[in-house]
file entry30.tsv (TSV, C-alpha atoms and all ligand atoms)
chain	number	residue	atom	x	y	z
A	1	MET	CA	9.54	-12.92	14.88
A	2	GLU	CA	7.02	-14.49	12.57
A	3	SER	CA	4.09	-12.44	11.37
A	4	THR	CA	0.57	-13.74	11.95
A	5	LEU	CA	-0.62	-12.17	8.74
A	6	ASP	CA	0.26	-14.77	6.11
A	7	THR	CA	-3.19	-14.61	4.57
A	8	PHE	CA	-3.72	-10.88	4.97
A	9	GLY	CA	-5.61	-9.62	1.92
A	10	SER	CA	-4.42	-10.59	-1.52
A	11	GLN	CA	-1.13	-9.45	-3.04
A	12	ASP	CA	-1.36	-10.76	-6.57
A	13	THR	CA	-1.19	-8.96	-9.92
A	14	SER	CA	-3.42	-11.62	-11.49
A	15	ASN	CA	-6.14	-11.21	-8.83
A	16	VAL	CA	-7.34	-8.04	-10.52
A	17	ALA	CA	-9.29	-5.48	-8.48
A	18	GLY	CA	-8.37	-2.24	-10.23
A	19	PHE	CA	-8.62	-0.76	-13.72
A	20	ALA	CA	-4.85	-0.25	-14.12
A	21	ALA	CA	-4.08	-3.76	-12.86
A	22	GLY	CA	-6.52	-5.22	-15.44
A	23	GLU	CA	-5.02	-3.26	-18.34
A	24	THR	CA	-1.48	-4.15	-17.26
A	25	LEU	CA	-2.37	-7.82	-16.98
A	26	TRP	CA	-3.72	-8.15	-20.52
A	27	LEU	CA	-0.75	-6.21	-21.89
A	28	THR	CA	1.57	-8.62	-20.05
A	29	VAL	CA	-0.29	-11.62	-21.46
A	30	LEU	CA	-0.16	-10.13	-24.99
A	31	MET	CA	3.58	-9.42	-24.78
A	32	SER	CA	4.38	-12.81	-23.31
A	33	ALA	CA	2.30	-14.62	-25.95
A	34	ALA	CA	3.99	-12.62	-28.73
A	35	GLY	CA	7.39	-13.40	-27.21
A	36	VAL	CA	6.68	-17.13	-27.06
A	37	ALA	CA	5.32	-17.20	-30.63
A	38	ILE	CA	8.36	-15.40	-32.02
A	39	PHE	CA	10.70	-17.67	-30.07
A	40	VAL	CA	9.04	-20.75	-31.58
A	41	VAL	CA	9.23	-19.34	-35.14
A	42	VAL	CA	12.91	-18.42	-34.73
A	43	MET	CA	13.69	-21.90	-33.41
A	44	VAL	CA	11.98	-23.44	-36.45
A	45	PHE	CA	14.10	-21.30	-38.78
A	46	ILE	CA	17.25	-22.24	-36.90
A	47	ALA	CA	16.33	-25.91	-37.26
A	48	LEU	CA	15.76	-25.44	-41.02
A	49	ALA	CA	19.10	-23.62	-41.39
A	50	TRP	CA	20.76	-26.43	-39.48
A	51	ARG	CA	19.48	-28.86	-42.10
A	52	GLY	CA	20.82	-26.63	-44.87
A	53	ARG	CA	17.48	-25.28	-46.17
A	54	GLY	CA	16.73	-21.69	-47.18
A	55	GLY	CA	18.91	-18.69	-46.45
A	56	GLY	CA	21.20	-16.70	-48.63
A	57	GLN	CA	18.47	-14.61	-50.26
A	58	THR	CA	18.04	-10.87	-49.63
A	59	TRP	CA	14.33	-11.52	-48.93
A	60	TRP	CA	15.22	-13.18	-45.64
A	61	ILE	CA	17.33	-10.27	-44.52
A	62	VAL	CA	14.79	-7.59	-45.44
A	63	GLY	CA	11.72	-9.58	-44.31
A	64	GLY	CA	13.06	-11.20	-41.18
A	65	GLY	CA	15.59	-8.57	-40.16
A	66	VAL	CA	13.74	-5.32	-40.93
A	67	ILE	CA	10.02	-5.62	-41.73
A	68	PHE	CA	9.15	-8.25	-39.13
A	69	PRO	CA	10.84	-6.52	-36.13
A	70	VAL	CA	9.41	-3.13	-37.15
A	71	VAL	CA	5.87	-4.56	-37.30
A	72	VAL	CA	6.21	-6.42	-33.99
A	73	ILE	CA	7.88	-3.62	-32.04
A	74	GLY	CA	5.56	-1.01	-33.62
A	75	THR	CA	2.47	-2.98	-32.58
A	76	LEU	CA	3.69	-3.47	-29.03
A	77	PHE	CA	4.74	0.19	-28.79
A	78	VAL	CA	1.36	1.49	-29.95
A	79	THR	CA	-0.59	-0.91	-27.68
A	80	SER	CA	1.45	-0.06	-24.60
A	81	THR	CA	1.18	3.67	-25.30
A	82	PHE	CA	-2.62	3.34	-25.40
A	83	VAL	CA	-2.60	1.33	-22.17
A	84	LEU	CA	-0.36	3.89	-20.46
A	85	ARG	CA	-2.69	6.70	-21.51
A	86	ALA	CA	-5.75	4.82	-20.32
A	87	ILE	CA	-4.34	4.05	-16.88
A	88	ALA	CA	-3.14	7.62	-16.34
A	89	GLY	CA	-6.77	8.31	-15.40
A	90	PRO	CA	-8.96	11.40	-15.69
A	91	SER	CA	-7.43	14.81	-14.97
A	92	THR	CA	-10.15	15.63	-12.45
A	93	PRO	CA	-10.41	12.62	-10.14
A	94	ALA	CA	-13.36	12.33	-7.76
A	95	HIS	CA	-11.19	12.02	-4.64
A	96	VAL	CA	-7.68	12.85	-3.44
A	97	ILE	CA	-5.72	10.88	-0.86
A	98	GLU	CA	-2.22	11.82	0.25
A	99	VAL	CA	0.03	8.98	1.37
A	100	THR	CA	3.46	9.68	2.87
A	101	GLY	CA	6.00	6.90	3.23
A	102	LYS	CA	7.86	6.87	6.56
A	103	GLN	CA	10.42	4.47	7.96
A	104	PHE	CA	8.52	2.01	8.24
A	105	TRP	CA	4.84	2.89	8.02
A	106	TRP	CA	2.32	4.98	6.01
A	107	ASP	CA	0.83	8.35	6.92
A	108	VAL	CA	-2.53	8.85	5.17
A	109	ILE	CA	-4.57	12.04	4.68
A	110	TYR	CA	-7.96	11.91	2.97
A	111	ASP	CA	-9.06	15.03	1.11
A	112	PRO	CA	-5.79	16.89	1.96
A	113	GLU	CA	-6.97	20.24	0.62
A	114	GLY	CA	-10.39	20.05	2.25
A	115	ARG	CA	-11.23	18.25	5.45
A	116	ALA	CA	-7.67	16.83	5.79
A	117	LEU	CA	-8.68	13.66	7.64
A	118	ARG	CA	-5.68	11.79	9.06
A	119	ASP	CA	-5.22	8.08	9.41
A	120	ALA	CA	-2.38	5.58	8.98
A	121	ASN	CA	-1.37	2.16	7.65
A	122	GLU	CA	-4.58	1.55	5.72
A	123	VAL	CA	-5.86	3.10	2.49
A	124	VAL	CA	-9.61	3.02	1.98
A	125	LEU	CA	-10.85	3.43	-1.61
A	126	PRO	CA	-14.36	3.97	-3.01
A	127	LEU	CA	-15.43	1.29	-5.50
A	128	GLY	CA	-15.52	2.43	-9.13
A	129	GLU	CA	-14.48	6.04	-8.53
A	130	PRO	CA	-11.14	7.45	-9.72
A	131	VAL	CA	-8.90	8.47	-6.83
A	132	GLU	CA	-5.75	10.52	-7.15
A	133	ILE	CA	-3.16	9.22	-4.70
A	134	ARG	CA	-0.47	11.82	-3.99
A	135	LEU	CA	2.69	10.05	-2.96
A	136	LYS	CA	5.28	11.71	-0.76
A	137	SER	CA	8.16	10.83	1.51
A	138	THR	CA	9.81	12.71	4.35
A	139	ASP	CA	12.88	10.48	4.80
A	140	VAL	CA	14.13	8.08	2.11
A	141	ILE	CA	12.67	6.69	-1.12
A	142	HIS	CA	9.75	4.28	-0.63
A	143	SER	CA	7.44	2.81	-3.25
A	144	PHE	CA	3.67	2.44	-3.04
A	145	TRP	CA	2.34	-0.80	-4.53
A	146	VAL	CA	-0.99	-2.61	-4.30
A	147	PRO	CA	-0.48	-5.28	-7.00
A	148	SER	CA	-4.17	-6.17	-7.34
A	149	ILE	CA	-5.17	-2.56	-7.97
A	150	ALA	CA	-2.43	-0.74	-9.90
A	151	GLY	CA	1.24	-0.57	-10.75
A	152	LYS	CA	3.78	0.74	-8.29
A	153	MET	CA	5.04	4.28	-7.93
A	154	ASP	CA	8.00	5.67	-5.99
A	155	MET	CA	7.63	8.09	-3.08
A	156	ILE	CA	10.55	10.50	-3.32
A	157	PRO	CA	11.56	13.08	-0.68
A	158	GLY	CA	10.82	16.60	-1.93
A	159	ARG	CA	8.54	15.46	-4.74
A	160	VAL	CA	4.88	14.63	-5.18
A	161	ASN	CA	4.16	11.73	-7.52
A	162	THR	CA	0.56	11.05	-8.43
A	163	LEU	CA	-1.01	7.69	-9.12
A	164	THR	CA	-4.63	7.59	-10.22
A	165	VAL	CA	-6.42	4.39	-9.31
A	166	THR	CA	-9.92	3.08	-9.83
A	167	ALA	CA	-10.81	0.04	-7.77
A	168	THR	CA	-13.10	-2.36	-9.61
A	169	ARG	CA	-13.87	-4.89	-6.89
A	170	GLU	CA	-14.75	-4.70	-3.21
A	171	GLY	CA	-12.43	-6.37	-0.76
A	172	ARG	CA	-9.13	-6.15	1.08
A	173	PHE	CA	-5.88	-6.11	-0.87
A	174	ARG	CA	-2.33	-6.13	0.45
A	175	GLY	CA	0.06	-3.33	-0.42
A	176	GLN	CA	3.80	-3.40	0.17
A	177	CYS	CA	6.66	-0.91	0.12
A	178	ALA	CA	8.52	-1.83	-3.07
A	179	GLU	CA	11.74	0.16	-2.68
A	180	PHE	CA	14.39	-0.81	-0.14
A	181	CYS	CA	14.18	1.81	2.61
A	182	GLY	CA	16.09	0.38	5.57
A	183	LEU	CA	16.12	-2.43	8.11
A	184	ALA	CA	12.35	-2.94	8.40
A	185	HIS	CA	11.62	-2.41	4.68
A	186	PRO	CA	10.18	-5.92	4.15
A	187	LEU	CA	7.95	-5.30	7.19
A	188	MET	CA	6.39	-2.17	5.69
A	189	ALA	CA	3.04	-3.24	4.30
A	190	PHE	CA	-0.55	-1.98	4.46
A	191	GLU	CA	-4.03	-2.91	3.40
A	192	ALA	CA	-6.11	-1.24	0.71
A	193	VAL	CA	-9.78	-1.61	1.60
A	194	VAL	CA	-12.29	-1.13	-1.22
A	195	LEU	CA	-15.75	-0.06	-0.02
A	196	PRO	CA	-18.94	0.88	-1.89
A	197	PRO	CA	-19.05	4.71	-2.34
A	198	GLU	CA	-21.69	5.25	0.37
A	199	GLU	CA	-19.66	3.25	2.90
A	200	TYR	CA	-16.57	5.22	1.88
A	201	ASP	CA	-18.41	8.46	2.65
A	202	ALA	CA	-19.51	7.03	5.99
A	203	PHE	CA	-15.90	6.05	6.74
A	204	LEU	CA	-14.73	9.62	6.06
A	205	ALA	CA	-17.53	11.06	8.19
A	206	ASP	CA	-16.43	8.75	11.00
A	207	LEU	CA	-12.78	9.88	10.67
A	208	ASP	CA	-13.92	13.49	10.93
A	209	GLY	CA	-14.12	13.82	14.68
A	210	GLU	CA	-12.42	13.19	17.97
A	211	ALA	CA	-11.42	9.75	19.19
A	212	ARG	CA	-14.04	7.74	21.01
A	213	ASP	CA	-14.40	8.62	24.71
A	214	ALA	CA	-12.99	6.21	27.27
A	215	VAL	CA	-16.00	4.52	28.87
A	216	THR	CA	-14.95	1.92	31.44
A	217	PRO	CA	-12.65	2.77	34.39
A	218	GLN	CA	-9.98	0.57	32.77
A	219	GLU	CA	-10.19	2.51	29.50
A	220	ARG	CA	-9.99	5.79	31.40
A	221	ARG	CA	-6.87	4.53	33.17
A	222	GLY	CA	-5.47	3.50	29.76
A	223	ALA	CA	-5.97	7.01	28.36
A	224	GLU	CA	-4.14	8.33	31.41
A	225	VAL	CA	-1.20	5.95	30.94
A	226	PHE	CA	-1.03	7.02	27.29
A	227	GLN	CA	-0.74	10.67	28.29
A	228	THR	CA	1.78	10.14	31.09
A	229	SER	CA	4.11	7.57	29.46
A	230	GLY	CA	5.43	9.66	26.60
A	231	CYS	CA	3.25	8.17	23.83
A	232	VAL	CA	1.81	11.65	23.18
A	233	ALA	CA	5.27	12.86	22.12
A	234	CYS	CA	5.01	10.79	18.95
A	235	HIS	CA	1.38	9.82	18.34
A	236	ARG	CA	-1.71	11.75	17.42
A	237	VAL	CA	-5.08	10.81	18.89
A	238	GLN	CA	-7.56	13.42	17.78
A	239	GLY	CA	-8.78	15.43	20.76
A	240	ILE	CA	-5.85	14.30	22.94
A	241	SER	CA	-2.51	14.82	21.22
A	242	ASP	CA	-1.19	16.06	17.90
A	243	ALA	CA	2.30	14.58	17.39
A	244	ARG	CA	3.18	13.23	13.95
A	245	ILE	CA	6.32	11.15	14.52
A	246	GLY	CA	4.45	7.85	14.64
A	247	PRO	CA	1.17	6.63	13.10
A	248	ASP	CA	-2.13	8.33	13.96
A	249	LEU	CA	-3.87	6.20	16.61
A	250	THR	CA	-7.30	7.89	16.59
A	251	ARG	CA	-8.92	4.68	15.28
A	252	VAL	CA	-6.11	2.20	15.78
A	253	GLY	CA	-8.46	-0.41	17.28
A	254	GLY	CA	-10.46	-0.39	14.05
A	255	ARG	CA	-7.52	-1.45	11.86
A	256	ALA	CA	-7.25	-5.06	10.79
A	257	ALA	CA	-3.48	-5.06	11.18
A	258	LEU	CA	-0.87	-3.76	13.58
A	259	GLY	CA	2.60	-2.45	12.76
A	260	ALA	CA	1.99	-1.50	9.10
A	261	GLY	CA	0.43	-4.75	7.95
A	262	MET	CA	2.60	-7.07	10.07
A	263	TRP	CA	0.36	-8.52	12.78
A	264	GLU	CA	-3.29	-9.24	13.31
A	265	MET	CA	-4.81	-6.54	15.53
A	266	ASN	CA	-5.70	-8.26	18.78
A	267	THR	CA	-5.12	-7.84	22.51
A	268	GLY	CA	-2.06	-10.07	22.73
A	269	ASN	CA	-0.27	-8.57	19.75
A	270	LEU	CA	-1.04	-5.02	20.86
A	271	ALA	CA	0.33	-5.66	24.36
A	272	GLY	CA	3.37	-7.42	22.89
A	273	TRP	CA	3.94	-4.46	20.56
A	274	ILE	CA	3.99	-1.89	23.35
A	275	ALA	CA	6.11	-4.03	25.71
A	276	ASP	CA	8.63	-5.24	23.12
A	277	VAL	CA	8.28	-3.58	19.74
A	278	GLY	CA	11.88	-4.45	18.91
A	279	ASP	CA	10.93	-8.11	18.83
A	280	MET	CA	7.62	-7.65	17.00
A	281	LYS	CA	9.15	-5.44	14.29
A	282	PRO	CA	12.95	-5.17	14.36
A	283	GLY	CA	13.94	-1.73	13.11
A	284	ALA	CA	10.69	0.03	14.08
A	285	GLU	CA	11.43	3.51	15.35
A	286	MET	CA	9.43	3.24	18.56
A	287	PRO	CA	10.87	2.50	22.01
A	288	SER	CA	9.74	-0.61	23.91
A	289	TYR	CA	7.77	-0.01	27.12
A	290	ASN	CA	8.71	-3.02	29.22
A	291	GLN	CA	8.68	-0.91	32.38
A	292	LEU	CA	4.86	-0.55	32.44
A	293	SER	CA	3.10	-2.52	35.17
A	294	GLY	CA	0.80	-5.36	34.11
A	295	PRO	CA	-2.43	-3.54	35.01
A	296	ASP	CA	-1.27	-0.34	33.30
A	297	LEU	CA	-0.29	-2.20	30.14
A	298	ARG	CA	-3.65	-3.98	30.09
A	299	ALA	CA	-5.49	-0.68	30.63
A	300	LEU	CA	-3.52	0.98	27.83
A	301	VAL	CA	-4.30	-1.91	25.47
A	302	ALA	CA	-8.00	-1.90	26.43
A	303	TRP	CA	-8.19	1.82	25.68
A	304	LEU	CA	-6.33	1.55	22.32
A	305	GLU	CA	-8.62	-1.32	21.30
A	306	SER	CA	-11.67	0.83	22.09
A	307	LEU	CA	-10.47	3.46	19.59
A	308	THR	CA	-12.35	2.29	16.51
B	1	LIG	C1	9.67	8.03	19.78
B	1	LIG	C2	8.36	8.04	19.22
B	1	LIG	C3	7.34	7.06	19.75
B	1	LIG	C4	6.89	6.89	21.03
B	1	LIG	C5	7.34	7.64	22.28
B	1	LIG	C6	5.83	5.90	20.97
B	1	LIG	N1	5.67	5.47	19.70
B	1	LIG	FE1	4.31	4.13	19.06
B	1	LIG	N2	5.10	4.20	17.19
B	1	LIG	C7	6.13	5.02	16.78
B	1	LIG	C8	6.47	4.72	15.42
B	1	LIG	C9	7.54	5.40	14.58
B	1	LIG	C10	5.61	3.68	15.02
B	1	LIG	C11	5.59	3.00	13.66
B	1	LIG	C12	6.50	1.78	13.73
B	1	LIG	C13	6.48	0.96	12.47
B	1	LIG	O1	5.45	0.33	12.16
B	1	LIG	O2	7.51	0.92	11.78
B	1	LIG	C14	4.75	3.39	16.15
B	1	LIG	C15	3.71	2.45	16.11
B	1	LIG	C16	2.81	2.28	17.15
B	1	LIG	C17	1.62	1.44	17.08
B	1	LIG	C18	1.17	0.66	15.85
B	1	LIG	C19	0.25	1.52	15.02
B	1	LIG	C20	-0.28	0.81	13.80
B	1	LIG	O3	-1.05	1.39	13.07
B	1	LIG	O4	0.07	-0.33	13.54
B	1	LIG	C21	1.00	1.52	18.27
B	1	LIG	C22	-0.29	0.81	18.68
B	1	LIG	C23	1.78	2.39	19.11
B	1	LIG	N3	2.87	2.84	18.39
B	1	LIG	C24	1.48	2.70	20.42
B	1	LIG	C25	2.32	3.45	21.25
B	1	LIG	C26	2.08	3.62	22.66
B	1	LIG	C27	0.89	3.07	23.42
B	1	LIG	C28	3.11	4.39	23.15
B	1	LIG	C29	3.37	4.80	24.58
B	1	LIG	C30	3.39	3.73	25.55
B	1	LIG	C31	3.98	4.69	22.00
B	1	LIG	N4	3.47	4.11	20.88
B	1	LIG	C32	5.11	5.47	22.07
B	1	LIG	C33	6.74	5.99	17.55
B	1	LIG	C34	6.57	6.13	18.91
B	2	CU	CU	10.59	0.17	1.89

call {"tool": "encode", "arguments": {"input": "entry30.tsv", "output": "structure tokens", "more": "lines below"}}
Ligand code: HEC
Ligand SMILES: [Cu+2]
result
Amino acid sequence: MESTLDTFGSQDTSNVAGFAAGETLWLTVLMSAAGVAIFVVVMVFIALAWRGRGGGQTWWIVGGGVIFPVVVIGTLFVTSTFVLRAIAGPSTPAHVIEVTGKQFWWDVIYDPEGRALRDANEVVLPLGEPVEIRLKSTDVIHSFWVPSIAGKMDMIPGRVNTLTVTATREGRFRGQCAEFCGLAHPLMAFEAVVLPPEEYDAFLADLDGEARDAVTPQERRGAEVFQTSGCVACHRVQGISDARIGPDLTRVGGRAALGAGMWEMNTGNLAGWIADVGDMKPGAEMPSYNQLSGPDLRALVAWLESLT
């Protein structure tokens, strides 16, 4: 099993695309620079002591042992407190998105107290607008992290943690579960997609509705296979089924990745996923369907791909 998604989005704290990530980066640079400078100064003093110069006077103990550390630690403390306050975000964010960590994928609800639009394995963010992300878990502890956009935050069963993010650059950025959560933990990723606000609104409007109708005879057969093979026991497709055990598939064909950020979404990978998910993502909690006939599998895949 080797993922096809090596270049999927960017997962890099120095490739800044969010307000919090920017603040955190300069604080890291400041602290590292201060650390290096102090290290060099201390080494110089050690070298001087080695050669028998200086030392012995109270001045050194008071200056170097008390005043200097208090100034340095005080400065770093005050700066990081200001950064922490700044990245906490406004108390009334423009949007709310609820993300629930599951073994080993992400359940996503936009506007949970309003239109409650469901999706999965992708988090779409409006450029430049503060978004409150409510983080939950229904099984074990996971951690939500999109390094280019903000710091990470744990998703703890029975609790709601909130992370306010403001994306500052359009694009696609890789997120990863950052807390060991079981066998497929390293295979639990997702993409954060930053869109201009008007495209974000259009995306939500598009989510607000039933899945696309099957058009071709093959797609209609695919929808039938989906409903008669047990998929409906675990998956929701708006207008067809409402199960919540696996990811929402209402617009699965429109996602860039398959299997929570593991594979490129294409016909071959989708067919391989259904026929042998255990090979595509060891640990995934979905049964393999290697008993489907070739034509039925192809019809099912054609229909899922049409759901955009
Ligand atoms: C027992 C519950 C269960 C059944 C039955 C089931 N699935 Fe799944 N499915 C899951 C789970 C759980 C995942 C998430 C796996 C992961 O990524 O860790 C999943 C993932 C998927 C995905 C990937 C979604 C994404 O966003 O990447 C597709 C596509 C899918 N299932 C299609 C099907 C089809 C088609 C059927 C019927 C032939 C089916 N599933 C039957 C539980 C199920
Ligand atoms: Cu994990």

call {"tool": "closest_residue", "arguments": {"input": "entry30.tsv", "among": "A:Thr168, A:Ser148, A:Asn269, A:Ser80", "to": "A:Val301", "atoms": "all atoms listed in the file"}}
result
A:Asn269

call {"tool": "residues_around", "arguments": {"input": "entry30.tsv", "residues": "A:Gly9", "least_positions_apart": "6", "cutoff": "9 Å", "atoms": "only C-alpha atoms", "output": "MDAnalysis selection string"}}
result
chainID A and resid 171:175 191:192

call {"tool": "closest_residue", "arguments": {"input": "entry30.tsv", "among": "A:Val42, A:Ile61, A:Ile67, A:Val140", "to": "ligand CU 2 (chain B)", "atoms": "only C-alpha atoms and all ligand atoms"}}
result
A:Val140

call {"tool": "closest_residue", "arguments": {"input": "entry30.tsv", "among": "A:Trp145, A:Tyr110, A:Phe104, A:Phe190", "to": "ligand LIG 1 (chain B)", "atoms": "only C-alpha atoms and all ligand atoms"}}
result
A:Phe104

call {"tool": "residues_near_ligand", "arguments": {"input": "entry30.tsv", "ligand": "ligand CU 2 (chain B)", "cutoff": "8 Å", "atoms": "all atoms listed in the file", "output": "mmCIF file with C-alpha atoms, keeping the file's coordinate frame"}}
result
data_model
loop_
_atom_site.group_PDB
_atom_site.id
_atom_site.type_symbol
_atom_site.label_atom_id
_atom_site.label_comp_id
_atom_site.auth_asym_id
_atom_site.auth_seq_id
_atom_site.Cartn_x
_atom_site.Cartn_y
_atom_site.Cartn_z
ATOM 1 C CA GLN A 103 10.420 4.470 7.960
ATOM 2 C CA PHE A 104 8.520 2.010 8.240
ATOM 3 C CA ILE A 141 12.670 6.690 -1.120
ATOM 4 C CA HIS A 142 9.750 4.280 -0.630
ATOM 5 C CA SER A 143 7.440 2.810 -3.250
ATOM 6 C CA GLN A 176 3.800 -3.400 0.170
ATOM 7 C CA CYS A 177 6.660 -0.910 0.120
ATOM 8 C CA ALA A 178 8.520 -1.830 -3.070
ATOM 9 C CA GLU A 179 11.740 0.160 -2.680
ATOM 10 C CA PHE A 180 14.390 -0.810 -0.140
ATOM 11 C CA CYS A 181 14.180 1.810 2.610
ATOM 12 C CA GLY A 182 16.090 0.380 5.570
ATOM 13 C CA ALA A 184 12.350 -2.940 8.400
ATOM 14 C CA HIS A 185 11.620 -2.410 4.680
ATOM 15 C CA PRO A 186 10.180 -5.920 4.150
ATOM 16 C CA MET A 188 6.390 -2.170 5.690
#

call {"tool": "atom_distance", "arguments": {"input": "entry30.tsv", "atom1": "atom CA of A:Gly64", "atom2": "atom CA of A:Trp26"}}
result
26.8 Å

call {"tool": "residues_around", "arguments": {"input": "entry30.tsv", "residues": "A:Val83", "least_positions_apart": "5", "cutoff": "10 Å", "atoms": "all atoms listed in the file", "output": "short mmCIF file (atom, residue, chain, number, x, y, z; two decimals) with C-alpha atoms, in the coordinates of the input"}}
result
data_model
loop_
_atom_site.label_atom_id
_atom_site.label_comp_id
_atom_site.auth_asym_id
_atom_site.auth_seq_id
_atom_site.Cartn_x
_atom_site.Cartn_y
_atom_site.Cartn_z
CA ALA A 20 -4.85 -0.25 -14.12
CA GLU A 23 -5.02 -3.26 -18.34
CA THR A 24 -1.48 -4.15 -17.26
CA TRP A 26 -3.72 -8.15 -20.52
CA LEU A 27 -0.75 -6.21 -21.89
CA PHE A 77 4.74 0.19 -28.79
CA VAL A 78 1.36 1.49 -29.95
CA ALA A 88 -3.14 7.62 -16.34
#

call {"tool": "residues_around", "arguments": {"input": "entry30.tsv", "residues": "A:Val194", "least_positions_apart": "3", "cutoff": "8 Å", "atoms": "all atoms listed in the file", "output": "PDB file with C-alpha atoms, in the frame of the given file"}}
result
ATOM      1  CA  VAL A 124      -9.610   3.020   1.980  1.00  0.00           C
ATOM      2  CA  LEU A 125     -10.850   3.430  -1.610  1.00  0.00           C
ATOM      3  CA  PRO A 126     -14.360   3.970  -3.010  1.00  0.00           C
ATOM      4  CA  LEU A 127     -15.430   1.290  -5.500  1.00  0.00           C
ATOM      5  CA  ALA A 167     -10.810   0.040  -7.770  1.00  0.00           C
ATOM      6  CA  ARG A 169     -13.870  -4.890  -6.890  1.00  0.00           C
ATOM      7  CA  GLU A 170     -14.750  -4.700  -3.210  1.00  0.00           C
ATOM      8  CA  GLY A 171     -12.430  -6.370  -0.760  1.00  0.00           C
ATOM      9  CA  ARG A 172      -9.130  -6.150   1.080  1.00  0.00           C
TER      10      ARG A 172
END

call {"tool": "axis_aligned_box", "arguments": {"input": "entry30.tsv", "around": "ligand LIG 1 (chain B)", "padding_each_side": "3 Å", "output": "lines of an AutoDock Vina configuration file"}}
result
center_x = 4.3
center_y = 3.9
center_z = 18.7
size_x = 16.7
size_y = 14.4
size_z = 19.8

call {"tool": "atom_distance", "arguments": {"input": "entry30.tsv", "atom1": "atom CA of A:Ala120", "atom2": "atom CA of A:Thr138"}}
result
14.9 Å

call {"tool": "residues_around", "arguments": {"input": "entry30.tsv", "residues": "A:Asn290", "least_positions_apart": "2", "cutoff": "6 Å", "atoms": "all atoms listed in the file", "output": "JSON, numbers by chain"}}
result
{"A": [275, 288, 292]}

call {"tool": "atom_distance", "arguments": {"input": "entry30.tsv", "atom1": "atom CA of A:Val232", "atom2": "atom C6 of ligand LIG 1 (chain B)"}}
result
7.4 Å

call {"tool": "residues_around", "arguments": {"input": "entry30.tsv", "residues": "A:Leu117", "least_positions_apart": "2", "cutoff": "9 Å", "atoms": "only C-alpha atoms", "output": "PDB file with C-alpha atoms, keeping the file's coordinate frame"}}
result
ATOM      1  CA  VAL A 108      -2.530   8.850   5.170  1.00  0.00           C
ATOM      2  CA  ILE A 109      -4.570  12.040   4.680  1.00  0.00           C
ATOM      3  CA  TYR A 110      -7.960  11.910   2.970  1.00  0.00           C
ATOM      4  CA  ASP A 111      -9.060  15.030   1.110  1.00  0.00           C
ATOM      5  CA  PRO A 112      -5.790  16.890   1.960  1.00  0.00           C
ATOM      6  CA  GLY A 114     -10.390  20.050   2.250  1.00  0.00           C
ATOM      7  CA  ARG A 115     -11.230  18.250   5.450  1.00  0.00           C
ATOM      8  CA  ASP A 119      -5.220   8.080   9.410  1.00  0.00           C
ATOM      9  CA  LEU A 204     -14.730   9.620   6.060  1.00  0.00           C
ATOM     10  CA  LEU A 207     -12.780   9.880  10.670  1.00  0.00           C
ATOM     11  CA  ASP A 208     -13.920  13.490  10.930  1.00  0.00           C
ATOM     12  CA  GLY A 209     -14.120  13.820  14.680  1.00  0.00           C
TER      13      GLY A 209
END

call {"tool": "closest_residue", "arguments": {"input": "entry30.tsv", "among": "A:Thr75, A:Asn121, A:Leu163, A:Ser32", "to": "A:Ala150", "atoms": "all atoms listed in the file"}}
result
A:Leu163

call {"tool": "closest_residue", "arguments": {"input": "entry30.tsv", "among": "A:Ile240, A:Ala233, A:Met43, A:Ala33", "to": "ligand LIG 1 (chain B)", "atoms": "all atoms listed in the file"}}
result
A:Ala233

call {"tool": "closest_residue", "arguments": {"input": "entry30.tsv", "among": "A:Leu25, A:Val123, A:Ala86, A:Val131", "to": "ligand LIG 1 (chain B)", "atoms": "all atoms listed in the file"}}
result
A:Val123
